[in-house]
$ cat query.cif   # mmCIF, C-alpha atoms and all ligand atoms
data_entry
loop_
_atom_site.label_atom_id
_atom_site.label_comp_id
_atom_site.auth_asym_id
_atom_site.auth_seq_id
_atom_site.Cartn_x
_atom_site.Cartn_y
_atom_site.Cartn_z
CA MET A 1 -33.49 -46.15 -26.35
CA SER A 2 -36.07 -44.87 -28.86
CA ASP A 3 -38.45 -41.92 -28.45
CA GLY A 4 -41.50 -42.63 -26.37
CA ALA A 5 -40.25 -46.07 -25.28
CA ILE A 6 -41.42 -47.30 -21.90
CA ARG A 7 -39.11 -49.62 -19.94
CA GLU A 8 -39.61 -51.03 -16.46
CA PHE A 9 -36.91 -51.60 -13.82
CA GLU A 10 -36.60 -52.19 -10.11
CA VAL A 11 -34.40 -49.14 -9.60
CA CYS A 12 -33.88 -45.97 -11.64
CA VAL A 13 -30.98 -43.67 -10.75
CA VAL A 14 -31.15 -40.16 -12.18
CA GLY A 15 -27.69 -38.55 -12.27
CA LEU A 16 -24.35 -40.34 -12.45
CA GLY A 17 -22.11 -38.23 -10.26
CA PRO A 18 -20.07 -40.26 -7.76
CA THR A 19 -23.21 -40.79 -5.68
CA GLY A 20 -25.52 -41.99 -8.43
CA ARG A 21 -22.86 -44.19 -9.95
CA ALA A 22 -22.16 -45.86 -6.60
CA LEU A 23 -25.86 -46.38 -5.97
CA ALA A 24 -26.47 -47.88 -9.42
CA HIS A 25 -23.38 -50.09 -9.11
CA ARG A 26 -24.27 -51.45 -5.67
CA ALA A 27 -27.92 -51.96 -6.65
CA VAL A 28 -26.82 -54.13 -9.59
CA ARG A 29 -24.47 -56.03 -7.28
CA ALA A 30 -27.41 -56.64 -4.95
CA GLY A 31 -29.26 -58.31 -7.84
CA LEU A 32 -31.66 -55.50 -8.76
CA THR A 33 -32.48 -54.46 -12.32
CA VAL A 34 -31.20 -50.93 -12.71
CA VAL A 35 -31.48 -48.12 -15.22
CA ALA A 36 -29.26 -45.08 -14.80
CA VAL A 37 -29.57 -41.78 -16.67
CA ASP A 38 -27.13 -38.93 -17.14
CA PRO A 39 -26.51 -36.56 -20.05
CA ARG A 40 -22.85 -37.71 -20.08
CA PRO A 41 -22.71 -41.05 -18.27
CA ASP A 42 -18.99 -41.74 -18.85
CA ARG A 43 -17.65 -38.28 -18.12
CA LEU A 44 -14.94 -38.09 -15.47
CA TRP A 45 -16.21 -35.91 -12.64
CA PRO A 46 -14.66 -32.46 -12.86
CA PRO A 47 -13.97 -31.80 -9.13
CA THR A 48 -11.11 -33.36 -7.19
CA PHE A 49 -12.71 -35.30 -4.32
CA ALA A 50 -11.07 -36.00 -0.98
CA CYS A 51 -12.15 -37.44 2.38
CA TRP A 52 -11.01 -39.19 5.55
CA ILE A 53 -10.01 -42.75 4.69
CA ASP A 54 -12.06 -44.28 7.52
CA GLU A 55 -15.23 -42.77 6.04
CA LEU A 56 -15.05 -44.91 2.91
CA PRO A 57 -17.10 -48.11 2.74
CA GLU A 58 -15.21 -51.39 2.98
CA TRP A 59 -16.44 -52.56 -0.43
CA LEU A 60 -14.55 -49.76 -2.20
CA PRO A 61 -11.18 -51.07 -3.47
CA PRO A 62 -7.92 -49.24 -2.58
CA SER A 63 -7.52 -48.33 -6.27
CA ALA A 64 -10.15 -45.62 -5.70
CA ILE A 65 -7.57 -43.68 -3.68
CA ALA A 66 -4.92 -41.59 -5.48
CA VAL A 67 -3.01 -40.20 -2.49
CA ARG A 68 -2.90 -41.03 1.21
CA VAL A 69 -1.88 -38.46 3.79
CA PRO A 70 -1.30 -40.16 7.16
CA LYS A 71 -1.40 -37.05 9.35
CA PRO A 72 -2.74 -33.94 7.61
CA ALA A 73 -2.15 -30.52 9.19
CA VAL A 74 -4.38 -27.58 10.01
CA TRP A 75 -3.26 -24.05 10.88
CA THR A 76 -5.37 -22.09 13.34
CA ASN A 77 -3.42 -19.89 15.77
CA ALA A 78 -0.90 -22.72 15.75
CA MET A 79 -0.21 -25.81 13.67
CA HIS A 80 -2.13 -28.97 14.61
CA ARG A 81 -1.44 -32.40 13.18
CA ILE A 82 -4.46 -34.65 12.94
CA ASP A 83 -3.72 -38.28 13.60
CA ARG A 84 -6.30 -39.50 11.12
CA PRO A 85 -5.43 -40.60 7.57
CA TYR A 86 -6.91 -38.49 4.81
CA CYS A 87 -6.98 -39.18 1.09
CA VAL A 88 -7.54 -37.71 -2.34
CA LEU A 89 -9.68 -39.96 -4.50
CA SER A 90 -8.56 -41.00 -7.95
CA LYS A 91 -11.12 -39.89 -10.54
CA THR A 92 -10.47 -42.83 -12.85
CA GLY A 93 -9.90 -45.21 -9.93
CA LEU A 94 -13.24 -44.31 -8.36
CA ARG A 95 -15.14 -44.52 -11.64
CA ASP A 96 -13.56 -47.88 -12.50
CA ALA A 97 -14.41 -49.20 -9.03
CA LEU A 98 -18.09 -48.55 -9.82
CA PRO A 99 -18.71 -50.42 -13.11
CA LEU A 100 -22.20 -50.30 -14.58
CA ASP A 101 -21.79 -53.19 -17.04
CA ASP A 102 -24.96 -54.94 -15.89
CA ALA A 103 -27.10 -51.82 -15.64
CA THR A 104 -28.98 -50.15 -18.48
CA VAL A 105 -27.25 -46.81 -18.93
CA VAL A 106 -29.09 -44.10 -20.82
CA ALA A 107 -27.41 -40.94 -22.09
CA GLY A 108 -30.17 -38.39 -21.56
CA ARG A 109 -31.51 -35.61 -19.39
CA ALA A 110 -34.52 -36.07 -17.15
CA THR A 111 -37.20 -33.42 -17.40
CA ARG A 112 -39.51 -34.97 -14.79
CA VAL A 113 -38.46 -37.20 -11.91
CA GLY A 114 -41.41 -38.88 -10.22
CA ALA A 115 -41.75 -41.54 -7.54
CA ASN A 116 -42.02 -44.32 -10.13
CA ASP A 117 -41.33 -42.77 -13.50
CA VAL A 118 -38.81 -40.51 -15.14
CA GLU A 119 -39.34 -38.61 -18.35
CA LEU A 120 -36.42 -37.69 -20.57
CA THR A 121 -36.09 -34.79 -23.02
CA ASP A 122 -36.66 -37.12 -26.00
CA GLY A 123 -39.95 -38.33 -24.55
CA THR A 124 -38.62 -41.65 -23.25
CA ILE A 125 -40.31 -42.75 -20.04
CA LEU A 126 -38.48 -45.00 -17.61
CA ARG A 127 -40.59 -46.75 -15.01
CA ALA A 128 -39.13 -48.20 -11.84
CA ALA A 129 -40.36 -49.47 -8.49
CA THR A 130 -37.97 -46.99 -6.86
CA VAL A 131 -36.45 -43.83 -8.33
CA PHE A 132 -33.39 -42.22 -6.77
CA ASP A 133 -32.79 -38.58 -7.57
CA THR A 134 -29.02 -38.04 -7.59
CA ARG A 135 -28.95 -34.96 -9.81
CA GLY A 136 -26.68 -33.03 -7.45
CA LEU A 137 -27.27 -29.54 -6.13
CA PRO A 138 -29.02 -26.52 -7.63
CA THR A 139 -27.13 -23.20 -7.97
CA PRO A 140 -26.92 -21.53 -4.56
CA ARG A 141 -28.28 -18.06 -5.38
CA GLN A 142 -28.49 -16.39 -1.95
CA ARG A 143 -28.26 -19.62 0.04
CA ARG A 144 -25.30 -20.30 2.32
CA ALA A 145 -22.60 -21.54 0.03
CA ALA A 146 -19.15 -23.03 -0.34
CA SER A 147 -17.05 -21.14 -2.86
CA ALA A 148 -13.51 -22.03 -3.83
CA TYR A 149 -10.90 -21.12 -6.39
CA GLY A 150 -8.25 -23.81 -6.88
CA ILE A 151 -4.87 -23.65 -8.63
CA PHE A 152 -2.90 -26.75 -9.66
CA VAL A 153 0.74 -26.02 -8.83
CA ASP A 154 3.80 -28.06 -9.70
CA ALA A 155 4.85 -30.06 -6.62
CA GLU A 156 8.35 -28.57 -6.60
CA ALA A 157 7.02 -25.02 -6.64
CA ALA A 158 4.55 -25.96 -3.87
CA ALA A 159 7.29 -27.16 -1.51
CA PRO A 160 7.37 -24.03 0.71
CA MET A 161 3.85 -24.95 1.89
CA VAL A 162 3.19 -28.63 1.09
CA THR A 163 5.73 -31.39 0.67
CA GLU A 164 5.23 -35.06 -0.25
CA GLY A 165 2.96 -36.98 2.10
CA GLU A 166 1.62 -33.76 3.61
CA ALA A 167 -1.64 -31.86 3.27
CA LEU A 168 -2.93 -28.62 4.73
CA LEU A 169 -6.66 -29.02 5.25
CA LEU A 170 -7.39 -25.68 6.79
CA ASP A 171 -5.00 -22.74 6.88
CA TRP A 172 -6.40 -19.73 8.71
CA ARG A 173 -3.14 -17.76 8.77
CA LEU A 174 -3.80 -14.15 7.78
CA THR A 175 -1.71 -14.27 4.61
CA ASN A 176 -4.29 -13.91 1.85
CA GLY A 177 -4.30 -10.11 1.74
CA ALA A 178 -7.88 -9.76 3.01
CA GLY A 179 -8.48 -7.16 5.72
CA PRO A 180 -10.06 -7.83 9.14
CA ASP A 181 -13.29 -6.15 8.05
CA GLU A 182 -13.78 -8.47 5.08
CA PRO A 183 -15.43 -11.92 4.99
CA PRO A 184 -12.82 -14.57 5.72
CA SER A 185 -11.48 -17.41 3.60
CA PHE A 186 -8.98 -20.15 4.28
CA LEU A 187 -6.55 -22.23 2.27
CA TYR A 188 -6.89 -25.94 1.52
CA ALA A 189 -3.86 -27.65 -0.08
CA VAL A 190 -3.53 -31.31 -1.05
CA PRO A 191 -1.11 -33.25 -3.26
CA LEU A 192 -2.84 -35.04 -6.13
CA GLY A 193 -0.27 -37.76 -6.77
CA ASP A 194 0.37 -36.62 -10.35
CA GLY A 195 3.20 -34.18 -9.60
CA THR A 196 0.86 -31.32 -8.72
CA VAL A 197 -0.56 -29.83 -5.54
CA LEU A 198 -4.02 -28.30 -5.47
CA PHE A 199 -4.17 -24.98 -3.59
CA GLU A 200 -7.72 -23.85 -2.97
CA GLU A 201 -8.85 -20.62 -1.35
CA VAL A 202 -12.21 -21.44 0.24
CA SER A 203 -15.09 -19.45 1.69
CA GLN A 204 -17.71 -21.31 3.66
CA GLY A 205 -21.07 -20.21 4.99
CA LEU A 206 -21.58 -16.81 3.32
CA ARG A 207 -24.99 -16.13 1.86
CA GLY A 208 -24.51 -16.30 -1.91
CA GLY A 209 -20.85 -17.29 -1.44
CA MET A 210 -17.71 -15.35 -2.33
CA PRO A 211 -17.01 -14.22 -5.93
CA GLN A 212 -14.39 -16.16 -7.88
CA HIS A 213 -12.32 -13.06 -8.66
CA GLU A 214 -12.02 -12.34 -4.94
CA LEU A 215 -10.97 -15.91 -4.12
CA ARG A 216 -8.48 -15.90 -6.97
CA LYS A 217 -6.91 -12.68 -5.79
CA ARG A 218 -6.62 -14.05 -2.26
CA ALA A 219 -5.15 -17.35 -3.44
CA LEU A 220 -2.47 -15.54 -5.46
CA SER A 221 -1.66 -13.19 -2.56
CA ARG A 222 -1.37 -16.09 -0.17
CA LEU A 223 0.88 -18.18 -2.39
CA ALA A 224 3.14 -15.18 -3.03
CA ALA A 225 3.30 -14.49 0.72
CA HIS A 226 4.58 -18.03 1.28
CA GLY A 227 7.21 -17.80 -1.43
CA ILE A 228 5.40 -19.88 -4.06
CA THR A 229 6.09 -18.63 -7.56
CA LEU A 230 3.63 -19.44 -10.33
CA THR A 231 4.40 -19.75 -14.02
CA GLY A 232 1.05 -18.33 -15.10
CA THR A 233 0.21 -21.51 -17.03
CA GLU A 234 -1.31 -23.37 -14.07
CA SER A 235 -4.82 -24.68 -14.57
CA SER A 236 -7.58 -23.93 -12.09
CA GLU A 237 -10.93 -25.21 -10.80
CA ALA A 238 -13.90 -23.47 -9.26
CA ALA A 239 -16.52 -24.46 -6.72
CA HIS A 240 -19.77 -22.73 -5.85
CA TYR A 241 -22.59 -24.76 -4.30
CA PRO A 242 -25.12 -24.55 -1.49
CA LEU A 243 -24.31 -26.06 1.90
CA ASP A 244 -27.83 -26.14 3.29
CA GLN A 245 -29.53 -28.87 1.26
CA ARG A 246 -31.70 -30.42 3.95
CA PRO A 247 -32.48 -34.11 4.38
CA PRO A 248 -35.70 -35.09 2.58
CA ARG A 249 -38.91 -35.82 4.43
CA LYS A 250 -39.93 -39.43 4.87
CA GLY A 251 -42.58 -40.90 2.60
CA THR A 252 -42.79 -42.97 -0.52
CA ALA A 253 -44.79 -40.67 -2.80
CA GLN A 254 -41.62 -39.11 -4.20
CA ALA A 255 -38.37 -39.97 -5.90
CA ILE A 256 -35.76 -40.44 -3.19
CA PRO A 257 -33.21 -37.60 -3.16
CA PHE A 258 -29.81 -39.10 -2.40
CA GLY A 259 -26.24 -37.80 -2.19
CA SER A 260 -25.61 -34.07 -2.18
CA ARG A 261 -29.21 -33.54 -3.31
CA GLY A 262 -30.53 -35.65 -0.46
CA GLY A 263 -29.08 -33.94 2.62
CA MET A 264 -25.68 -35.63 2.52
CA MET A 265 -23.79 -32.42 1.79
CA HIS A 266 -22.13 -31.63 5.12
CA PRO A 267 -23.17 -28.08 6.04
CA CYS A 268 -19.83 -27.23 7.68
CA THR A 269 -17.24 -29.06 5.57
CA GLY A 270 -18.83 -28.97 2.11
CA TYR A 271 -18.10 -32.68 1.68
CA SER A 272 -20.64 -35.27 0.60
CA VAL A 273 -18.91 -37.95 -1.42
CA ALA A 274 -17.66 -40.26 1.34
CA ASP A 275 -20.90 -40.03 3.36
CA SER A 276 -22.93 -40.77 0.24
CA LEU A 277 -20.77 -43.78 -0.68
CA ALA A 278 -21.02 -45.07 2.89
CA LEU A 279 -24.84 -44.78 2.87
CA VAL A 280 -25.46 -46.48 -0.48
CA ASP A 281 -25.83 -49.91 1.07
CA THR A 282 -28.18 -48.58 3.77
CA ALA A 283 -30.56 -47.46 1.03
CA ILE A 284 -30.28 -50.68 -0.96
CA THR A 285 -30.67 -52.94 2.07
CA ALA A 286 -33.81 -51.03 3.05
CA LEU A 287 -35.20 -51.56 -0.45
CA LEU A 288 -34.42 -55.27 -0.44
CA GLU A 289 -36.05 -55.67 2.97
CA GLY A 290 -39.15 -53.69 2.01
CA ARG A 291 -38.56 -50.59 4.16
CA ASP A 292 -38.62 -46.91 3.20
CA PRO A 293 -34.95 -46.08 2.46
CA LEU A 294 -35.49 -42.55 3.78
CA ALA A 295 -36.43 -43.91 7.20
CA ASP A 296 -33.20 -45.91 7.35
CA LEU A 297 -31.04 -43.12 5.92
CA TRP A 298 -32.48 -40.43 8.15
CA PRO A 299 -33.39 -41.71 11.63
CA TRP A 300 -33.97 -38.94 14.18
CA GLN A 301 -30.36 -39.18 15.40
CA ALA A 302 -29.09 -38.30 11.92
CA ARG A 303 -31.64 -35.49 11.54
CA LEU A 304 -30.62 -34.04 14.90
CA THR A 305 -26.97 -34.26 13.82
CA TYR A 306 -27.82 -32.39 10.64
CA TRP A 307 -29.75 -29.74 12.61
CA MET A 308 -26.74 -29.12 14.87
CA ARG A 309 -24.37 -28.89 11.91
CA MET A 310 -26.62 -26.23 10.42
CA ARG A 311 -26.02 -24.17 13.59
CA GLY A 312 -22.33 -24.61 12.89
CA LEU A 313 -22.80 -23.40 9.33
CA TRP A 314 -24.60 -20.24 10.49
CA GLY A 315 -21.77 -19.62 12.97
CA LEU A 316 -19.13 -20.04 10.25
CA GLY A 317 -20.94 -17.54 8.06
CA ARG A 318 -20.67 -14.65 10.53
CA LEU A 319 -17.14 -14.95 11.94
CA THR A 320 -14.07 -12.89 11.08
CA ALA A 321 -10.85 -14.63 10.06
CA GLU A 322 -9.36 -14.15 13.54
CA GLN A 323 -12.49 -15.49 15.19
CA SER A 324 -12.51 -18.48 12.83
CA ALA A 325 -8.90 -19.28 13.74
CA ALA A 326 -9.72 -19.04 17.45
CA MET A 327 -12.80 -21.20 17.09
CA PHE A 328 -11.02 -23.89 15.05
CA ASP A 329 -8.17 -23.79 17.55
CA ALA A 330 -10.66 -24.78 20.25
CA PHE A 331 -12.20 -27.41 17.97
CA PHE A 332 -8.94 -29.12 17.00
CA ASN A 333 -8.08 -29.51 20.68
CA ALA A 334 -11.22 -31.62 21.15
CA SER A 335 -11.11 -35.42 21.49
CA PRO A 336 -10.83 -37.54 18.32
CA ARG A 337 -14.45 -38.67 18.83
CA GLY A 338 -15.61 -35.07 19.16
CA GLN A 339 -13.74 -34.05 16.02
CA ARG A 340 -15.15 -37.00 14.14
CA ALA A 341 -18.69 -36.24 15.34
CA LEU A 342 -18.54 -32.85 13.64
CA LEU A 343 -16.46 -33.74 10.58
CA SER A 344 -17.82 -37.15 9.65
CA ALA A 345 -20.19 -39.24 11.75
CA HIS A 346 -23.69 -39.35 10.29
CA ASP A 347 -25.53 -39.64 13.61
CA ASP A 348 -23.26 -39.26 16.68
CA TYR A 349 -25.44 -36.50 18.12
CA THR A 350 -24.27 -36.75 21.74
CA ALA A 351 -20.60 -36.28 20.86
CA LEU A 352 -21.55 -33.56 18.38
CA GLY A 353 -23.58 -31.64 20.97
CA ALA A 354 -20.66 -31.89 23.41
CA VAL A 355 -18.01 -30.77 20.94
CA LEU A 356 -20.08 -27.82 19.72
CA PHE A 357 -20.72 -26.71 23.30
CA ASN A 358 -17.06 -27.10 24.27
CA THR A 359 -15.82 -25.36 21.14
CA VAL A 360 -17.89 -22.30 22.02
CA ALA A 361 -16.92 -22.51 25.68
CA ARG A 362 -13.22 -22.68 24.87
CA THR A 363 -13.08 -19.97 22.23
CA TRP A 364 -11.12 -17.00 23.45
CA PRO A 365 -11.49 -14.01 23.98
CA PHE A 366 -14.77 -14.53 25.81
CA ARG A 367 -16.84 -11.92 23.89
CA TRP A 368 -16.31 -13.78 20.60
CA ARG A 369 -18.53 -16.54 21.90
CA TYR A 370 -21.51 -14.20 21.45
CA ASP A 371 -20.71 -13.99 17.73
CA LEU A 372 -20.35 -17.77 17.52
CA VAL A 373 -23.84 -18.37 18.85
CA GLY A 374 -25.35 -15.42 16.99
CA TRP A 375 -26.23 -13.11 19.90
CA THR A 376 -24.06 -10.43 18.31
CA ASN A 377 -23.10 -9.71 14.70
CA ARG A 378 -25.61 -12.27 13.52
CA ASN A 379 -25.70 -10.95 9.95
CA ARG A 380 -22.18 -9.55 9.87
CA TRP A 381 -21.40 -10.29 6.22
CA VAL A 382 -24.90 -10.25 4.73
CA GLY A 383 -24.88 -8.01 1.65
CA PHE A 384 -21.12 -7.43 1.83
CA ASP A 385 -20.05 -5.47 -1.27
CA PHE A 386 -16.91 -7.19 -2.62
CA ALA A 387 -16.69 -4.79 -5.55
CA ALA A 388 -16.55 -1.78 -3.19
CA ALA A 389 -13.92 -3.50 -1.02
CA ASP A 390 -11.90 -4.04 -4.17
CA ARG A 391 -11.83 -0.32 -4.90
CA GLU A 392 -10.47 0.61 -1.46
CA PRO A 393 -7.04 2.22 -1.75
CA GLY A 394 -4.12 0.29 -0.32
CA ARG A 395 -5.78 -3.10 -0.57
CA ILE A 396 -3.45 -5.87 -1.68
CA GLY A 397 -4.65 -7.18 -5.01
C1 LIG A 401 -14.16 -27.98 -7.07
C2 LIG A 401 -14.93 -28.84 -6.12
C3 LIG A 401 -14.25 -29.59 -5.16
C4 LIG A 401 -14.95 -30.42 -4.29
N1 LIG A 401 -14.26 -31.18 -3.39
C5 LIG A 401 -14.93 -32.08 -2.64
C6 LIG A 401 -14.23 -33.00 -1.80
O1 LIG A 401 -13.00 -32.95 -1.70
N2 LIG A 401 -14.94 -33.91 -1.11
C7 LIG A 401 -16.30 -33.98 -1.18
O2 LIG A 401 -16.90 -34.84 -0.55
N3 LIG A 401 -16.99 -33.10 -1.95
C8 LIG A 401 -16.34 -32.17 -2.67
N4 LIG A 401 -17.03 -31.30 -3.47
C9 LIG A 401 -18.46 -31.29 -3.44
C10 LIG A 401 -18.90 -32.25 -4.56
O3 LIG A 401 -19.28 -31.64 -5.74
C11 LIG A 401 -20.06 -32.97 -4.26
O4 LIG A 401 -19.87 -33.43 -2.98
C12 LIG A 401 -20.28 -34.14 -5.25
O5 LIG A 401 -20.03 -33.84 -6.59
C13 LIG A 401 -21.68 -34.54 -5.08
O6 LIG A 401 -21.87 -35.71 -5.81
P1 LIG A 401 -23.30 -36.06 -6.32
O7 LIG A 401 -23.15 -37.36 -7.04
O8 LIG A 401 -24.29 -35.98 -5.22
O9 LIG A 401 -23.69 -34.90 -7.34
P2 LIG A 401 -22.93 -34.41 -8.64
O10 LIG A 401 -21.51 -34.75 -8.61
O11 LIG A 401 -23.31 -32.99 -8.82
O12 LIG A 401 -23.57 -35.27 -9.82
C14 LIG A 401 -24.86 -35.01 -10.32
C15 LIG A 401 -25.01 -35.73 -11.66
O13 LIG A 401 -26.36 -35.59 -12.08
C16 LIG A 401 -26.37 -35.31 -13.46
N5 LIG A 401 -27.62 -34.59 -13.78
C17 LIG A 401 -27.94 -33.32 -13.46
N6 LIG A 401 -29.15 -33.02 -13.93
C18 LIG A 401 -29.60 -34.13 -14.57
C19 LIG A 401 -30.81 -34.43 -15.25
N7 LIG A 401 -31.80 -33.53 -15.38
N8 LIG A 401 -30.95 -35.67 -15.76
C20 LIG A 401 -29.98 -36.59 -15.62
N9 LIG A 401 -28.81 -36.37 -14.99
C21 LIG A 401 -28.64 -35.13 -14.46
C22 LIG A 401 -25.11 -34.49 -13.71
O14 LIG A 401 -24.70 -34.60 -15.07
C23 LIG A 401 -24.14 -35.14 -12.76
O15 LIG A 401 -23.41 -36.17 -13.39
C24 LIG A 401 -16.37 -30.46 -4.35
C25 LIG A 401 -17.03 -29.69 -5.29
C26 LIG A 401 -16.34 -28.90 -6.17
C27 LIG A 401 -17.11 -28.11 -7.19
#

$ encode --input "query.cif" --output "structure tokens" --more "lines below"
Ligand SMILES: Cc1cc2nc3c(=O)[nH]c(=O)nc-3n(C[C@H](O)[C@H](O)[C@H](O)COP(=O)(O)OP(=O)(O)OC[C@H]3O[C@@H](n4cnc5c(N)ncnc54)[C@H](O)[C@@H]3O)c2cc1C
Amino acid sequence: MSDGAIREFEVCVVGLGPTGRALAHRAVRAGLTVVAVDPRPDRLWPPTFACWIDELPEWLPPSAIAVRVPKPAVWTNAMHRIDRPYCVLSKTGLRDALPLDDATVVAGRATRVGANDVELTDGTILRAATVFDTRGLPTPRQRRAASAYGIFVDAEAAAPMVTEGEALLLDWRLTNGAGPDEPPSFLYAVPLGDGTVLFEEVSQGLRGGMPQHELRKRALSRLAAHGITLTGTESSEAAHYPLDQRPPRKGTAQAIPFGSRGGMMHPCTGYSVADSLALVDTAITALLEGRDPLADLWPWQARLTYWMRMRGLWGLGRLTAEQSAAMFDAFFNASPRGQRALLSAHDDYTALGAVLFNTVARTWPFRWRYDLVGWTNRNRWVGFDFAAADREPGRIG
């Protein structure tokens, strides 16, 4: 596309992460003329995405899935097996399932994203009846964040913790070397189907997140504690993004934020891909039928659900590791619907209210409930000095 060119489309999608690509793909399939912009439109997405299989939309072919785990495990004060299939998505499989052959794809960076026009760095202006802003999340700064350090370990070496067909979604055992007076982190471990297992030490809910060096140190301590020996040549991945990206307000005088940028980042789990894929057709159907997509994407039930999850995020950000284990122990004893209402469902606010209430009511010892709801230790970890903790004598490093 040449400098200064003006082109008109029905839909413009700005950002081709998994969300934008799915939106552009389904819009084309629905018969709309689509332009999609990204600085590197064909790049494979760097992160490894996973989700519950039942969250994925029916139109997505099975080839988008790399690994299926029928009953993943979580460790709280005890091991729980969740009778709900989980999966790791295939990067190439997912991209190939979302072809953009009939869309106009522009390699470029947007400098201005308006309700009906998008300006690129080279001066090109793209006009569209509807513009979706799928540029992902800004850097978190001091917002509540998810931070993770992941190591790709050979499946054989990983066997003491994760064997074939298994996954460990949440491991709160106190084996990462962090002390009780330090912000907590947990382990997430999934097989990738290519002979490696991803071990990720994760912090969720801290203001500004947890530094990478701290997560790395904890991951190494934890793996060593479980008898996993590394060669030193393993590759790694990092995550650091905000968890509190709110749903956009209704109204048509703006580009429509969608995906992680548009409130679909789950405040408590840090997942957005499956929810975004599942909501793509809601947005497109609304467009085709002449309604405001934001009204369909964010009815009050979904906004209330989001509001409650934000309470969960604040709770997560002030607990100790022992309190987190106790709280998740209560949560993973809840009914499947209750668990789903927190982990996945976009708008099941009644079940979510009930499971949040019951999780607090069943957390033991009793006094920890005050921390959960924020009556005590509300800002426990705010301003925590990781560098000073590092210098403490006797700390495992
Ligand atoms: C290591 C890691 C592991 C993760 N694991 C999971 C997981 O298991 N499950 C899950 O659901 N989520 C996971 N997440 C969160 C995940 O990143 C997001 O959920 C997901 O990437 C959001 O997709 P998105 O399409 O909304 O945004 P992004 O993936 O961030 O895509 C945004 C796109 O917009 C483009 N863009 C940015 N600025 C411009 C511009 N000015 N003009 C044009 N294009 C632009 C970018 O190039 C990019 O392609 C993980 C994140 C990380 C970092």

$ closest_atom_pairs --input "query.cif" --of "chain A" --to "ligand LIG 401 (chain A)" --cutoff "8 Å" --atoms "all atoms listed in the file" --output "Markdown table"
| residue | atom | partner | partner_atom | distance |
| --- | --- | --- | --- | --- |
| A:Val14 | CA | A:LIG401 | C20 | 5.1 |
| A:Gly15 | CA | A:LIG401 | O13 | 3.3 |
| A:Leu16 | CA | A:LIG401 | O15 | 4.4 |
| A:Gly17 | CA | A:LIG401 | O12 | 3.3 |
| A:Pro18 | CA | A:LIG401 | O7 | 4.3 |
| A:Thr19 | CA | A:LIG401 | O7 | 3.7 |
| A:Gly20 | CA | A:LIG401 | O7 | 5.4 |
| A:Arg21 | CA | A:LIG401 | O7 | 7.4 |
| A:Val37 | CA | A:LIG401 | C20 | 5.3 |
| A:Asp38 | CA | A:LIG401 | N9 | 3.7 |
| A:Pro39 | CA | A:LIG401 | N9 | 5.6 |
| A:Arg40 | CA | A:LIG401 | O14 | 6.2 |
| A:Pro41 | CA | A:LIG401 | O15 | 6.9 |
| A:Arg43 | CA | A:LIG401 | O15 | 7.7 |
| A:Trp45 | CA | A:LIG401 | O10 | 6.8 |
| A:Pro46 | CA | A:LIG401 | C1 | 7.3 |
| A:Pro47 | CA | A:LIG401 | C2 | 4.3 |
| A:Thr48 | CA | A:LIG401 | C3 | 5.3 |
| A:Phe49 | CA | A:LIG401 | O1 | 3.5 |
| A:Ala50 | CA | A:LIG401 | O1 | 3.7 |
| A:Cys51 | CA | A:LIG401 | N2 | 5.7 |
| A:Val88 | CA | A:LIG401 | O1 | 7.3 |
| A:Gly108 | CA | A:LIG401 | C20 | 6.2 |
| A:Arg109 | CA | A:LIG401 | N8 | 3.7 |
| A:Ala110 | CA | A:LIG401 | N8 | 3.9 |
| A:Thr111 | CA | A:LIG401 | N7 | 5.8 |
| A:Arg112 | CA | A:LIG401 | N7 | 7.9 |
| A:Leu120 | CA | A:LIG401 | N8 | 7.6 |
| A:Thr134 | CA | A:LIG401 | O8 | 5.7 |
| A:Arg135 | CA | A:LIG401 | O13 | 3.5 |
| A:Gly136 | CA | A:LIG401 | O9 | 3.5 |
| A:Leu137 | CA | A:LIG401 | O11 | 5.9 |
| A:Ala148 | CA | A:LIG401 | C1 | 6.8 |
| A:Tyr149 | CA | A:LIG401 | C1 | 7.6 |
| A:Gly150 | CA | A:LIG401 | C1 | 7.2 |
| A:Glu237 | CA | A:LIG401 | C1 | 5.7 |
| A:Ala238 | CA | A:LIG401 | C1 | 5.0 |
| A:Ala239 | CA | A:LIG401 | C27 | 3.7 |
| A:His240 | CA | A:LIG401 | C27 | 6.1 |
| A:Tyr241 | CA | A:LIG401 | C27 | 7.0 |
| A:Phe258 | CA | A:LIG401 | O8 | 6.9 |
| A:Gly259 | CA | A:LIG401 | O8 | 4.0 |
| A:Ser260 | CA | A:LIG401 | O8 | 3.8 |
| A:Arg261 | CA | A:LIG401 | O8 | 5.8 |
| A:Gly262 | CA | A:LIG401 | O8 | 7.9 |
| A:Met264 | CA | A:LIG401 | O8 | 7.9 |
| A:Met265 | CA | A:LIG401 | O4 | 6.3 |
| A:Gly270 | CA | A:LIG401 | C9 | 6.0 |
| A:Tyr271 | CA | A:LIG401 | O2 | 3.3 |
| A:Ser272 | CA | A:LIG401 | O2 | 3.9 |
| A:Val273 | CA | A:LIG401 | O2 | 3.8 |
| A:Ala274 | CA | A:LIG401 | O2 | 5.8 |
| A:Asp275 | CA | A:LIG401 | O2 | 7.6 |
| A:Ser276 | CA | A:LIG401 | O8 | 7.4 |

$ atom_distance --input "query.cif" --atom1 "CA of Trp381 in chain A" --atom2 "CA of Tyr306 in chain A"
23.4 Å

$ atom_distance --input "query.cif" --atom1 "CA of Ala24 in chain A" --atom2 "CA of Phe132 in chain A"
9.3 Å

$ residues_around --input "query.cif" --residues "range 323-329 of chain A" --least-positions-apart "2" --cutoff "9 Å" --atoms "only C-alpha atoms" --output "ChimeraX atom specification"
/A:75-78,80,171-173,184,316,319-321,331-333,359-360,362-365,368-369,371-372
